[in-house]
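J.: Input target-v5.cif, format and content: mmCIF, C-alpha atoms and all ligand atoms.
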```
data_input
#
loop_
_atom_site.label_atom_id
_atom_site.label_comp_id
_atom_site.auth_asym_id
_atom_site.auth_seq_id
_atom_site.Cartn_x
_atom_site.Cartn_y
_atom_site.Cartn_z
CA MET V 1 14.21 16.44 -24.34
CA ASN V 2 12.13 16.54 -21.14
CA ILE V 3 8.54 15.44 -21.50
CA SER V 4 5.90 17.41 -19.57
CA LYS V 5 2.86 15.37 -18.73
CA SER V 6 -0.20 15.55 -16.50
CA ILE V 7 -0.11 12.51 -14.25
CA LYS V 8 -3.79 12.69 -13.30
CA GLN V 9 -4.39 9.19 -14.66
CA PHE V 10 -1.34 7.83 -12.82
CA ASN V 11 -2.35 8.75 -9.24
CA THR V 12 -5.47 7.43 -7.53
CA PHE V 13 -6.12 10.74 -5.76
CA GLY V 14 -6.81 11.92 -9.31
CA LEU V 15 -4.70 15.05 -8.82
CA ASP V 16 -4.07 16.99 -11.99
CA VAL V 17 -0.37 17.61 -11.36
CA VAL V 18 2.18 18.06 -14.11
CA SER V 19 5.51 16.26 -14.22
CA ASN V 20 8.11 18.33 -16.07
CA ASP V 21 10.33 15.33 -16.69
CA PHE V 22 8.28 12.16 -17.08
CA ASN V 23 10.00 8.87 -17.96
CA ILE V 24 9.05 5.22 -18.28
CA ALA V 25 11.22 2.12 -17.72
CA LYS V 26 10.20 -1.21 -19.26
CA ASN V 27 13.35 -3.10 -18.21
CA GLU V 28 16.38 -2.80 -15.91
CA ASP V 29 18.58 -1.25 -18.64
CA GLU V 30 16.09 1.58 -19.00
CA ILE V 31 16.21 2.16 -15.23
CA ILE V 32 20.02 2.30 -15.37
CA ASN V 33 19.97 4.66 -18.39
CA PHE V 34 17.55 6.90 -16.53
CA LEU V 35 19.73 6.86 -13.40
CA ASN V 36 22.84 7.71 -15.42
CA LYS V 37 21.10 10.95 -16.33
CA HIS V 38 19.03 11.64 -13.23
CA SER V 39 20.31 9.94 -10.09
CA ASN V 40 21.61 13.24 -8.66
CA ASN V 41 18.25 14.94 -9.14
CA ASN V 42 16.37 13.03 -6.44
CA PRO V 43 14.03 11.19 -8.83
CA ILE V 44 10.54 10.01 -7.89
CA VAL V 45 9.70 6.39 -8.64
CA LEU V 46 6.09 5.77 -9.57
CA GLY V 47 4.16 2.51 -9.61
CA GLY V 48 0.37 2.59 -9.76
CA GLY V 49 0.20 5.89 -7.85
CA SER V 50 -2.17 4.49 -5.21
CA ASN V 51 -0.11 5.40 -2.17
CA ILE V 52 1.35 8.77 -3.10
CA LEU V 53 0.20 12.37 -2.62
CA PHE V 54 1.69 15.05 -4.86
CA LYS V 55 1.33 18.42 -3.15
CA LYS V 56 2.01 20.35 -6.35
CA ASP V 57 3.45 20.10 -9.90
CA ILE V 58 6.60 17.99 -9.93
CA GLU V 59 9.98 19.47 -10.76
CA ARG V 60 11.92 16.29 -9.88
CA PRO V 61 12.25 13.68 -12.65
CA VAL V 62 9.63 10.93 -12.46
CA LEU V 63 10.29 7.32 -13.45
CA LYS V 64 7.23 5.15 -13.93
CA ILE V 65 8.11 1.46 -13.66
CA GLU V 66 6.45 -0.70 -16.31
CA ILE V 67 8.53 -3.88 -16.14
CA LYS V 68 6.29 -6.84 -16.98
CA GLY V 69 6.48 -10.62 -16.83
CA ILE V 70 5.35 -13.42 -14.52
CA ASN V 71 7.68 -16.44 -14.52
CA VAL V 72 7.93 -19.57 -12.42
CA VAL V 73 11.62 -19.80 -11.52
CA LYS V 74 11.66 -22.84 -9.23
CA GLU V 75 9.30 -25.38 -7.75
CA ASP V 76 9.20 -28.45 -5.58
CA SER V 77 6.33 -30.64 -4.46
CA ALA V 78 5.03 -28.08 -1.95
CA PHE V 79 6.06 -24.62 -3.15
CA VAL V 80 6.37 -22.56 -6.31
CA TYR V 81 8.70 -19.56 -6.67
CA ILE V 82 7.44 -16.88 -9.02
CA SER V 83 9.40 -13.89 -10.30
CA VAL V 84 7.17 -10.95 -11.18
CA GLY V 85 8.03 -7.68 -12.95
CA ALA V 86 7.67 -4.61 -10.72
CA GLY V 87 5.26 -3.03 -13.21
CA GLU V 88 2.70 -5.86 -13.14
CA ASN V 89 -0.59 -4.82 -11.59
CA TRP V 90 -0.86 -6.40 -8.13
CA ASP V 91 -4.44 -7.64 -8.43
CA ASN V 92 -3.83 -9.08 -11.91
CA PHE V 93 -0.99 -11.08 -10.38
CA VAL V 94 -3.25 -12.28 -7.53
CA ASN V 95 -5.81 -13.42 -10.11
CA TRP V 96 -3.05 -15.21 -12.08
CA THR V 97 -2.06 -17.16 -8.92
CA LEU V 98 -5.69 -18.10 -8.30
CA ARG V 99 -6.07 -19.48 -11.83
CA LYS V 100 -2.98 -21.65 -11.21
CA ASP V 101 -4.26 -22.60 -7.71
CA TYR V 102 -1.16 -21.18 -6.01
CA GLY V 103 -1.94 -20.08 -2.46
CA GLY V 104 -0.76 -17.31 -0.15
CA ILE V 105 -1.97 -13.96 -1.49
CA GLU V 106 -5.71 -14.56 -1.85
CA ASN V 107 -6.40 -12.30 1.19
CA LEU V 108 -4.55 -9.48 -0.60
CA SER V 109 -7.02 -9.43 -3.49
CA LEU V 110 -8.08 -6.10 -4.96
CA ILE V 111 -5.31 -4.00 -3.37
CA PRO V 112 -4.53 -1.31 -5.96
CA GLY V 113 -1.02 -0.65 -7.22
CA ASN V 114 1.87 -2.60 -8.67
CA VAL V 115 3.95 -5.59 -7.61
CA GLY V 116 7.16 -3.55 -7.25
CA SER V 117 5.60 -1.22 -4.69
CA ALA V 118 4.09 -4.02 -2.60
CA PRO V 119 7.26 -4.65 -0.52
CA ILE V 120 7.80 -0.92 0.12
CA GLN V 121 5.06 -0.74 2.73
CA ASN V 122 4.68 -4.52 3.20
CA ILE V 123 1.08 -4.40 1.96
CA GLY V 124 -1.40 -6.15 4.15
CA ALA V 125 -5.09 -6.88 4.48
CA TYR V 126 -7.48 -9.36 6.07
CA GLY V 127 -4.88 -10.99 8.29
CA VAL V 128 -2.08 -11.40 5.71
CA GLU V 129 0.98 -9.27 5.01
CA LEU V 130 3.26 -9.47 1.99
CA ASP V 131 6.27 -10.62 4.03
CA SER V 132 4.59 -14.02 4.57
CA VAL V 133 5.13 -14.86 0.87
CA PHE V 134 8.11 -12.64 -0.01
CA GLU V 135 11.22 -14.57 -1.03
CA SER V 136 13.46 -11.85 -2.53
CA CYS V 137 13.56 -8.85 -4.83
CA ARG V 138 15.95 -7.35 -7.36
CA ALA V 139 16.63 -3.66 -6.88
CA ILE V 140 18.90 -1.12 -8.56
CA SER V 141 20.94 1.23 -6.42
CA LEU V 142 20.53 4.93 -7.18
CA GLU V 143 24.09 5.42 -6.00
CA ASN V 144 26.13 2.87 -7.98
CA LYS V 145 23.43 1.73 -10.48
CA LYS V 146 24.15 -1.92 -9.66
CA VAL V 147 21.58 -4.65 -9.08
CA LYS V 148 21.32 -6.00 -5.56
CA ILE V 149 19.25 -8.97 -4.40
CA PHE V 150 17.37 -8.42 -1.15
CA HIS V 151 16.21 -11.54 0.68
CA LYS V 152 13.40 -11.42 3.20
CA ILE V 153 15.84 -11.16 6.11
CA ASP V 154 17.37 -8.01 4.57
CA CYS V 155 14.08 -6.15 4.24
CA ASP V 156 13.16 -5.37 7.89
CA PHE V 157 9.47 -5.89 7.19
CA THR V 158 7.15 -4.51 9.87
CA TYR V 159 3.55 -3.29 9.90
CA ARG V 160 3.16 -1.16 6.71
CA SER V 161 6.89 -0.64 6.44
CA SER V 162 10.19 -2.08 5.29
CA ILE V 163 13.80 -1.05 4.86
CA PHE V 164 12.72 0.61 1.55
CA LYS V 165 10.46 3.01 3.45
CA GLU V 166 12.97 3.66 6.24
CA LYS V 167 16.76 3.25 6.11
CA LEU V 168 16.94 2.78 2.32
CA LYS V 169 14.13 5.20 1.40
CA ASN V 170 14.72 6.53 -2.15
CA LYS V 171 17.96 4.55 -2.41
CA TYR V 172 16.80 1.58 -4.55
CA ILE V 173 14.40 0.93 -7.42
CA ILE V 174 12.77 -2.49 -7.25
CA SER V 175 12.65 -4.20 -10.65
CA ARG V 176 11.35 -7.72 -9.82
CA VAL V 177 9.93 -9.55 -6.81
CA VAL V 178 10.07 -13.30 -6.15
CA PHE V 179 7.19 -14.87 -4.21
CA LYS V 180 7.02 -18.28 -2.52
CA LEU V 181 3.50 -19.67 -2.78
CA THR V 182 1.94 -22.98 -1.83
CA LYS V 183 1.03 -25.47 -4.56
CA LYS V 184 -1.30 -27.55 -2.42
CA SER V 185 -2.21 -27.82 1.26
CA HIS V 186 -2.90 -24.11 1.21
CA PHE V 187 -2.73 -22.45 4.60
CA LEU V 188 -5.91 -20.40 4.66
CA LYS V 189 -6.09 -17.35 6.92
CA THR V 190 -9.72 -16.86 7.90
CA ASN V 191 -9.41 -15.37 11.37
CA TYR V 192 -9.94 -11.74 10.40
CA LYS V 193 -13.37 -10.95 11.87
CA PRO V 194 -15.35 -9.68 8.83
CA LEU V 195 -13.98 -12.57 6.73
CA LYS V 196 -14.84 -15.14 9.38
CA GLU V 197 -18.35 -13.72 9.68
CA LEU V 198 -18.97 -13.75 5.93
CA ILE V 199 -17.78 -17.37 5.65
CA LYS V 200 -20.31 -18.24 8.36
CA ILE V 201 -23.15 -16.24 6.78
CA LYS V 202 -22.52 -17.88 3.41
CA ASN V 203 -22.22 -21.27 5.07
CA ILE V 204 -18.96 -22.15 3.28
CA SER V 205 -17.58 -25.23 5.03
CA ASN V 206 -14.32 -25.83 3.15
CA PRO V 207 -13.31 -22.56 1.51
CA THR V 208 -10.88 -22.63 -1.41
CA ILE V 209 -8.37 -19.85 -2.08
CA GLN V 210 -10.73 -18.64 -4.82
CA ASP V 211 -13.57 -18.48 -2.25
CA ILE V 212 -11.40 -16.41 0.11
CA SER V 213 -10.47 -14.05 -2.72
CA ASN V 214 -14.15 -13.63 -3.72
CA LEU V 215 -15.15 -12.91 -0.12
CA VAL V 216 -12.33 -10.41 0.38
CA LYS V 217 -13.36 -8.69 -2.87
CA GLU V 218 -16.96 -8.56 -1.69
CA ILE V 219 -16.04 -7.01 1.68
CA ARG V 220 -13.58 -4.53 0.15
CA SER V 221 -16.02 -3.39 -2.56
CA SER V 222 -18.73 -2.75 0.05
CA LYS V 223 -16.39 -0.75 2.29
CA LEU V 224 -13.77 1.14 0.31
CA PRO V 225 -14.45 3.86 -2.25
CA ASP V 226 -13.35 2.96 -5.79
CA PRO V 227 -10.61 5.45 -6.79
CA LYS V 228 -11.99 5.44 -10.36
CA ILE V 229 -15.13 7.06 -8.96
CA ILE V 230 -13.78 9.06 -6.03
CA GLY V 231 -10.09 9.92 -5.69
CA ASN V 232 -8.37 8.38 -2.67
CA CYS V 233 -5.31 6.43 -1.56
CA GLY V 234 -7.01 4.00 0.84
CA SER V 235 -5.93 4.45 4.47
CA PHE V 236 -4.19 7.79 4.82
CA PHE V 237 -2.65 7.03 8.23
CA LYS V 238 -1.25 3.88 9.85
CA ASN V 239 -3.07 2.36 12.79
CA PRO V 240 -1.07 3.51 15.83
CA ILE V 241 0.62 1.02 18.11
CA ILE V 242 0.41 2.17 21.72
CA SER V 243 1.50 1.00 25.17
CA LYS V 244 -0.74 -0.70 27.72
CA ASN V 245 -0.50 2.37 29.91
CA LYS V 246 -1.73 4.61 27.10
CA LEU V 247 -4.56 2.22 26.23
CA GLU V 248 -5.72 2.28 29.86
CA LYS V 249 -5.68 6.08 29.85
CA ILE V 250 -7.84 6.26 26.72
CA SER V 251 -10.15 3.52 28.06
CA SER V 252 -10.78 5.65 31.13
CA ILE V 253 -12.17 8.35 28.79
CA ASP V 254 -13.96 5.97 26.41
CA LYS V 255 -14.40 2.34 27.42
CA LEU V 256 -15.41 1.34 23.89
CA ILE V 257 -11.99 1.88 22.33
CA PRO V 258 -11.34 -1.08 20.00
CA PHE V 259 -7.86 -2.62 20.19
CA TYR V 260 -5.84 -5.56 18.95
CA LYS V 261 -3.32 -7.03 21.37
CA LEU V 262 0.13 -7.43 19.80
CA SER V 263 1.93 -8.34 23.04
CA ASP V 264 1.41 -7.77 26.78
CA GLU V 265 2.73 -4.24 26.35
CA LYS V 266 1.73 -3.31 22.79
CA PHE V 267 -1.72 -2.70 21.35
CA LYS V 268 -2.80 -1.64 17.86
CA ILE V 269 -5.81 0.70 17.74
CA PRO V 270 -7.76 1.83 14.67
CA ALA V 271 -6.81 5.31 13.49
CA ALA V 272 -10.33 5.49 11.98
CA TRP V 273 -11.84 5.29 15.49
CA LEU V 274 -9.62 8.12 16.77
CA ILE V 275 -10.53 10.30 13.77
CA GLU V 276 -14.23 9.55 14.18
CA LYS V 277 -14.05 10.47 17.88
CA CYS V 278 -12.66 13.86 16.80
CA GLY V 279 -15.85 14.41 14.78
CA MET V 280 -14.05 14.05 11.46
CA LYS V 281 -15.77 11.01 9.92
CA GLY V 282 -17.54 12.09 6.75
CA ARG V 283 -16.36 15.69 7.27
CA ILE V 284 -16.11 17.60 3.99
CA GLU V 285 -14.05 20.79 3.70
CA GLY V 286 -13.94 22.36 0.25
CA GLN V 287 -12.97 19.71 -2.29
CA THR V 288 -11.60 17.25 0.24
CA GLY V 289 -12.75 15.39 3.34
CA THR V 290 -13.01 11.96 4.90
CA HIS V 291 -15.23 9.26 3.42
CA LYS V 292 -18.63 8.92 5.08
CA GLU V 293 -18.17 5.17 5.67
CA HIS V 294 -14.45 5.21 6.44
CA ALA V 295 -12.86 8.00 8.48
CA LEU V 296 -9.34 6.85 7.56
CA VAL V 297 -9.88 7.41 3.84
CA ILE V 298 -9.27 10.99 2.71
CA ILE V 299 -10.99 11.78 -0.57
CA ASN V 300 -10.75 14.16 -3.50
CA LEU V 301 -14.23 15.31 -4.47
CA GLY V 302 -12.91 16.14 -7.92
CA ALA V 303 -11.08 19.44 -7.91
CA ALA V 304 -8.94 19.26 -4.75
CA THR V 305 -5.30 20.23 -4.94
CA GLY V 306 -2.59 18.12 -3.31
CA THR V 307 -1.89 20.91 -0.84
CA GLU V 308 -5.56 21.10 0.13
CA ILE V 309 -5.61 17.34 0.85
CA TYR V 310 -2.32 17.58 2.73
CA ASN V 311 -3.52 20.51 4.89
CA PHE V 312 -6.72 18.65 5.70
CA SER V 313 -4.70 15.57 6.74
CA GLN V 314 -2.57 17.73 9.03
CA LYS V 315 -5.70 19.17 10.63
CA ILE V 316 -6.82 15.61 11.45
CA LYS V 317 -3.39 14.87 12.91
CA LYS V 318 -3.56 17.94 15.18
CA LEU V 319 -7.05 17.08 16.41
CA VAL V 320 -6.09 13.49 17.25
CA LEU V 321 -2.91 14.68 18.97
CA LYS V 322 -4.85 17.17 21.07
CA LYS V 323 -7.62 14.77 22.10
CA PHE V 324 -5.63 11.54 22.58
CA ASN V 325 -1.99 12.63 22.68
CA ILE V 326 -1.30 10.24 19.79
CA LEU V 327 0.70 11.37 16.78
CA LEU V 328 -0.71 9.69 13.67
CA GLU V 329 1.84 8.60 11.10
CA GLU V 330 1.10 8.88 7.38
CA GLU V 331 0.82 5.63 5.43
CA VAL V 332 0.63 7.60 2.18
CA ASN V 333 3.94 8.90 0.74
CA ILE V 334 3.88 12.71 0.61
CA ILE V 335 5.79 14.43 -2.19
CA ASP V 336 6.53 18.14 -1.59
C1 LIG V 401 -8.75 2.06 -2.46
C2 LIG V 401 -7.39 1.69 -1.91
C3 LIG V 401 -7.29 0.63 -1.04
C4 LIG V 401 -6.03 0.27 -0.52
N1 LIG V 401 -5.96 -0.80 0.33
C5 LIG V 401 -4.76 -1.19 0.83
C6 LIG V 401 -4.68 -2.31 1.70
O1 LIG V 401 -5.66 -2.98 1.98
N2 LIG V 401 -3.46 -2.63 2.18
C7 LIG V 401 -2.34 -1.94 1.86
O2 LIG V 401 -1.25 -2.30 2.34
N3 LIG V 401 -2.40 -0.87 1.03
C8 LIG V 401 -3.57 -0.48 0.52
N4 LIG V 401 -3.65 0.60 -0.32
C9 LIG V 401 -2.42 1.37 -0.61
C10 LIG V 401 -1.71 0.96 -1.93
O3 LIG V 401 -2.56 0.25 -2.75
C11 LIG V 401 -0.47 0.11 -1.67
O4 LIG V 401 0.42 0.79 -0.83
C12 LIG V 401 0.28 -0.24 -2.96
O5 LIG V 401 1.31 -1.16 -2.70
C13 LIG V 401 0.87 0.99 -3.65
O6 LIG V 401 1.31 0.56 -4.93
P1 LIG V 401 1.55 1.60 -6.10
O7 LIG V 401 2.17 0.84 -7.22
O8 LIG V 401 0.30 2.31 -6.42
O9 LIG V 401 2.62 2.54 -5.42
P2 LIG V 401 2.88 4.09 -5.68
O10 LIG V 401 1.79 4.88 -5.05
O11 LIG V 401 3.15 4.34 -7.10
O12 LIG V 401 4.22 4.28 -4.84
C14 LIG V 401 4.22 4.09 -3.43
C15 LIG V 401 5.64 4.33 -2.92
O13 LIG V 401 6.52 3.31 -3.40
C16 LIG V 401 7.57 3.88 -4.20
N5 LIG V 401 7.75 2.95 -5.31
C17 LIG V 401 6.83 2.56 -6.21
N6 LIG V 401 7.34 1.64 -7.05
C18 LIG V 401 8.63 1.45 -6.66
C19 LIG V 401 9.69 0.62 -7.13
N7 LIG V 401 9.55 -0.21 -8.17
N8 LIG V 401 10.90 0.68 -6.50
C20 LIG V 401 11.08 1.52 -5.45
N9 LIG V 401 10.11 2.34 -4.96
C21 LIG V 401 8.90 2.29 -5.56
C22 LIG V 401 7.07 5.25 -4.62
O14 LIG V 401 8.13 6.15 -4.86
C23 LIG V 401 6.25 5.65 -3.40
O15 LIG V 401 7.08 6.15 -2.38
C24 LIG V 401 -4.88 0.99 -0.87
C25 LIG V 401 -5.00 2.07 -1.78
C26 LIG V 401 -6.24 2.40 -2.29
C27 LIG V 401 -6.34 3.52 -3.28
#
```
Let me see the structure of the file written as structure tokens.
Ligand SMILES: Cc1cc2nc3c(=O)[nH]c(=O)nc-3n(C[C@H](O)[C@H](O)[C@H](O)COP(=O)(O)OP(=O)(O)OC[C@H]3O[C@@H](n4cnc5c(N)ncnc54)[C@H](O)[C@@H]3O)c2cc1C
T.:
Amino acid sequence: MNISKSIKQFNTFGLDVVSNDFNIAKNEDEIINFLNKHSNNNPIVLGGGSNILFKKDIERPVLKIEIKGINVVKEDSAFVYISVGAGENWDNFVNWTLRKDYGGIENLSLIPGNVGSAPIQNIGAYGVELDSVFESCRAISLENKKVKIFHKIDCDFTYRSSIFKEKLKNKYIISRVVFKLTKKSHFLKTNYKPLKELIKIKNISNPTIQDISNLVKEIRSSKLPDPKIIGNCGSFFKNPIISKNKLEKISSIDKLIPFYKLSDEKFKIPAAWLIEKCGMKGRIEGQTGTHKEHALVIINLGAATGTEIYNFSQKIKKLVLKKFNILLEEEVNIID
């Protein structure tokens, strides 16, 4: 029997959409059982719902991954290897590593969502991306229902992307992820500007990984809207990577364009700046809009529909394209 269920509590946009076939998997066998029934129906895999926009009620079967467990699988004097169930909450896992004094993901504190979704878009924040600690993951093929191990080299990690968001999109369900973290001699990443500044302001001379986590949490809480209070999925678009030529063209219109040099030819620029320059920061239209402090965060004021949010996002895209000739790419996964 199919179970119909509102998934309002399972998506951070807080959209009151109904799934007509809602399922939960607590282990790999339950994923395989589900796939035996549904793999031809283009199922939707759901983690914490913090990077997904449902445009309307969902006809496709939904599988929410709730596989738990955090286990040390190997260690030597310098590193520990930890296998984590895809359904573990990401920030709970970060806090677990801090209690054990294992280093590597402290900068990724307070990112919403689950462990199994973290490799999909190679989550990143404050100068660290997931691929720096990713060892491998177990994933079940939708095609043959067999488990395959993906090592880091197999995953094609790039900025907010991986093979699971590109070539193998919707082809595998991740069940567990193995991380390689430092046991001592932690390699702290403190170069990200707001983090560096806060360390200086607070006069912290030898920060610990717990200090870094606390500072990241402080910065994030002051900047990003809490989805429990106002529906959102964090950054809606990726920061575009543009050529030197293009950067020079935009600089000739506005000298103040911020950029981050990736190579002599490639520069990353903040999508939030482009959106703000189009007059869309803090713009509210109906039940949706951009956050007043963060132009890249599209919000649900309470009663927005997925289509309303989607249409608003496309309006932003058109404006940025017209003004800067840059096509923004969605970071959020859109479900039609
Ligand atoms: C306030 C806020 C701040 C955020 N800040 C950041 C940030 O700093 N950095 C960052 O990178 N992201 C950020 N995000 C985005 C989001 O938290 C991450 O992308 C997160 O990894 C999504 O996890 P999830 O479990 O919620 O994924 P979901 O939204 O449930 O799913 C995301 C995608 O992954 C697929 N998926 C989920 N689980 C699996 C699985 N087990 N196997 C295969 N496919 C799967 C889904 O089908 C979907 O396509 C933020 C979001 C919010 C709301």
J.: Find, counting all atoms listed in the file, the residue in V:Asn92, V:Gly286, V:Glu106, V:Arg60 that gets nearest to Asn214 (chain V).
T.: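 Among V:Asn92, V:Gly286, V:Glu106, V:Arg60, it is V:Glu106 that comes nearest to Asn214 (chain V).
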J.: Using only C-alpha atoms, which residues sit within 12 Å of Lys249 (chain V) once same-chain residues fewer than 6 positions away are excluded, as a PyMOL selection string?
T.: chain V and resi 242-243+255+257+323-326
J.: Can you write just those residues out, C-alpha atoms, as a JSON list (two decimals), in the frame of the given file?
T.:
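As written to disk, selection_23.json reads:
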```json
[["chain", "number", "residue", "atom", "x", "y", "z"],
["V", 242, "ILE", "CA", 0.41, 2.17, 21.72],
["V", 243, "SER", "CA", 1.50, 1.00, 25.17],
["V", 255, "LYS", "CA", -14.40, 2.34, 27.42],
["V", 257, "ILE", "CA", -11.99, 1.88, 22.33],
["V", 323, "LYS", "CA", -7.62, 14.77, 22.10],
["V", 324, "PHE", "CA", -5.63, 11.54, 22.58],
["V", 325, "ASN", "CA", -1.99, 12.63, 22.68],
["V", 326, "ILE", "CA", -1.30, 10.24, 19.79]]
```
J.: Excluding region 218-222 of chain V and residues on its chain fewer than 3 positions from it, collect all residues at most 10 Å away from it, counting all atoms listed in the file, and give them as a list in words.
T.: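 Using all atoms listed in the file, the neighbours found are Ser109, Leu110, Ile111, Ala125, Tyr126, Pro194, Leu195, Leu198, Ile212, Ser213, Asn214, Leu215, Pro225, Asp226 and Glu293 of chain V.
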J.: Output as a Markdown table one row per residue of chain V within 7 Å of ligand LIG 401 (chain V): the closest atom pair and its distance in Å to one decimal place, counting only C-alpha atoms and all ligand atoms, sorted by chain and residue number ascending.
T.:
```
| residue | atom | partner | partner_atom | distance |
| --- | --- | --- | --- | --- |
| V:Thr12 | CA | V:LIG401 | C27 | 5.8 |
| V:Ile44 | CA | V:LIG401 | O14 | 5.5 |
| V:Val45 | CA | V:LIG401 | O14 | 4.1 |
| V:Leu46 | CA | V:LIG401 | O11 | 4.1 |
| V:Gly47 | CA | V:LIG401 | O11 | 3.3 |
| V:Gly48 | CA | V:LIG401 | O8 | 3.4 |
| V:Gly49 | CA | V:LIG401 | O10 | 3.4 |
| V:Ser50 | CA | V:LIG401 | O8 | 3.5 |
| V:Asn51 | CA | V:LIG401 | O10 | 3.5 |
| V:Ile52 | CA | V:LIG401 | O10 | 4.4 |
| V:Ile65 | CA | V:LIG401 | N7 | 5.9 |
| V:Ala86 | CA | V:LIG401 | N7 | 5.4 |
| V:Ile111 | CA | V:LIG401 | N1 | 4.9 |
| V:Pro112 | CA | V:LIG401 | O3 | 4.1 |
| V:Gly113 | CA | V:LIG401 | O8 | 3.3 |
| V:Asn114 | CA | V:LIG401 | O7 | 3.7 |
| V:Val115 | CA | V:LIG401 | O7 | 6.7 |
| V:Gly116 | CA | V:LIG401 | N7 | 4.2 |
| V:Ser117 | CA | V:LIG401 | N6 | 4.1 |
| V:Ala118 | CA | V:LIG401 | O5 | 4.0 |
| V:Ile120 | CA | V:LIG401 | O13 | 5.6 |
| V:Gln121 | CA | V:LIG401 | O4 | 6.0 |
| V:Asn122 | CA | V:LIG401 | O2 | 6.4 |
| V:Ile123 | CA | V:LIG401 | O2 | 3.2 |
| V:Gly124 | CA | V:LIG401 | O2 | 4.3 |
| V:Ala125 | CA | V:LIG401 | O1 | 4.7 |
| V:Arg160 | CA | V:LIG401 | O2 | 6.3 |
| V:Asn170 | CA | V:LIG401 | N9 | 6.8 |
| V:Tyr172 | CA | V:LIG401 | C20 | 5.8 |
| V:Ile173 | CA | V:LIG401 | N8 | 3.6 |
| V:Ile174 | CA | V:LIG401 | N8 | 3.8 |
| V:Ser175 | CA | V:LIG401 | N7 | 5.6 |
| V:Leu224 | CA | V:LIG401 | C1 | 5.8 |
| V:Pro225 | CA | V:LIG401 | C1 | 6.0 |
| V:Asp226 | CA | V:LIG401 | C1 | 5.7 |
| V:Pro227 | CA | V:LIG401 | C1 | 5.8 |
| V:Asn232 | CA | V:LIG401 | C27 | 5.3 |
| V:Cys233 | CA | V:LIG401 | C27 | 3.5 |
| V:Gly234 | CA | V:LIG401 | C26 | 3.6 |
| V:Ser235 | CA | V:LIG401 | C24 | 6.4 |
| V:Asn333 | CA | V:LIG401 | O15 | 5.2 |
```
J.: As an exercise, work out the distance from CA of Asp91 (chain V) to CA of Pro119 (chain V) in Å and give it to one decimal place.
T.: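 Between these atoms lies a distance of 14.4 Å.
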J.: Rounded to one decimal place, report the CA of Leu188 (chain V)-CA of Ile105 (chain V) distance in Å.
T.: 9.7 Å
J.: Identify, on the basis of all atoms listed in the file, every residue whose closest approach to Phe34 (chain V) does not exceed 9 Å; exclude the query and any residue fewer than 3 positions from it along the same chain; express the result as a list in words.
T.: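 Contacts, in chain order: Asn23, Ile24, Ala25, Asp29, Glu30, Ile31, Lys37, His38, Ser39 and Leu63 of chain V.
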J.: Counting only C-alpha atoms, which residues have an atom no more than 10 Å from (-7.0, -9.5, 7.0) in the file's coordinates? Please list them as a ChimeraX atom specification.
T.: /V:107-108,124-129,189-196,216
J.: Per residue of region 42-143 of chain V within 8 Å of region 200-210 of chain V, which atom pair is closest and at what distance in Å (one decimal), using all atoms listed in the file, listed by chain and increasing number, as JSON lines?
T.:
```
{"residue": "V:Leu98", "atom": "CA", "partner": "V:Gln210", "partner_atom": "CA", "distance": 6.1}
{"residue": "V:Asp101", "atom": "CA", "partner": "V:Ile209", "partner_atom": "CA", "distance": 7.5}
{"residue": "V:Gly103", "atom": "CA", "partner": "V:Ile209", "partner_atom": "CA", "distance": 6.4}
{"residue": "V:Glu106", "atom": "CA", "partner": "V:Ile209", "partner_atom": "CA", "distance": 5.9}
```
J.: With all atoms listed in the file as the atoms that count, which of V:Lys184, V:Lys8, V:Lys317, V:Arg138 lies nearest to Phe237 (chain V)?
T.: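 Checking each candidate against Phe237 (chain V), we get V:Lys317 as the closest.
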J.: Would you mind telling me which residue in V:Asp76, V:Asp16, V:Asp264, V:Glu276 lies nearest to Ile58 (chain V) when using all atoms listed in the file?
T.: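 Residue with the minimum atom-to-atom distance to Ile58 (chain V): V:Asp16.
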J.: Counting only C-alpha atoms, figure out which residue out of V:Gly85, V:Pro61, V:Gly231, V:Pro240 gets nearest to Val320 (chain V).
T.: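 Ranked by minimum distance to Val320 (chain V), first place goes to V:Pro240.
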J.: Hey, can you check how far CA of Lys146 (chain V) sits from CA of Val73 (chain V)?
T.: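 Answer for the CA of Lys146 (chain V) to CA of Val73 (chain V) separation: 21.9 Å.
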J.: Of the candidates V:Glu308, V:Asp57, V:Glu135, V:Glu265, which shows the shortest atom-to-atom distance to Gly289 (chain V), using only C-alpha atoms?
T.: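 Counting only C-alpha atoms, the residue closest to Gly289 (chain V) is V:Glu308.
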J.: Show me, as a PyMOL selection string, the residues that have an atom within 9 Å of Ile309 (chain V) when counting only C-alpha atoms, minus same-chain residues fewer than 3 positions from it.
T.: chain V and resi 53+55+287-289+298-300+304-306+312-314
J.: Out of V:Val178, V:Lys238, V:Val147, V:Val297, which residue has the shortest atom-to-atom distance to Lys223 (chain V) when counting only C-alpha atoms?
T.: V:Val297
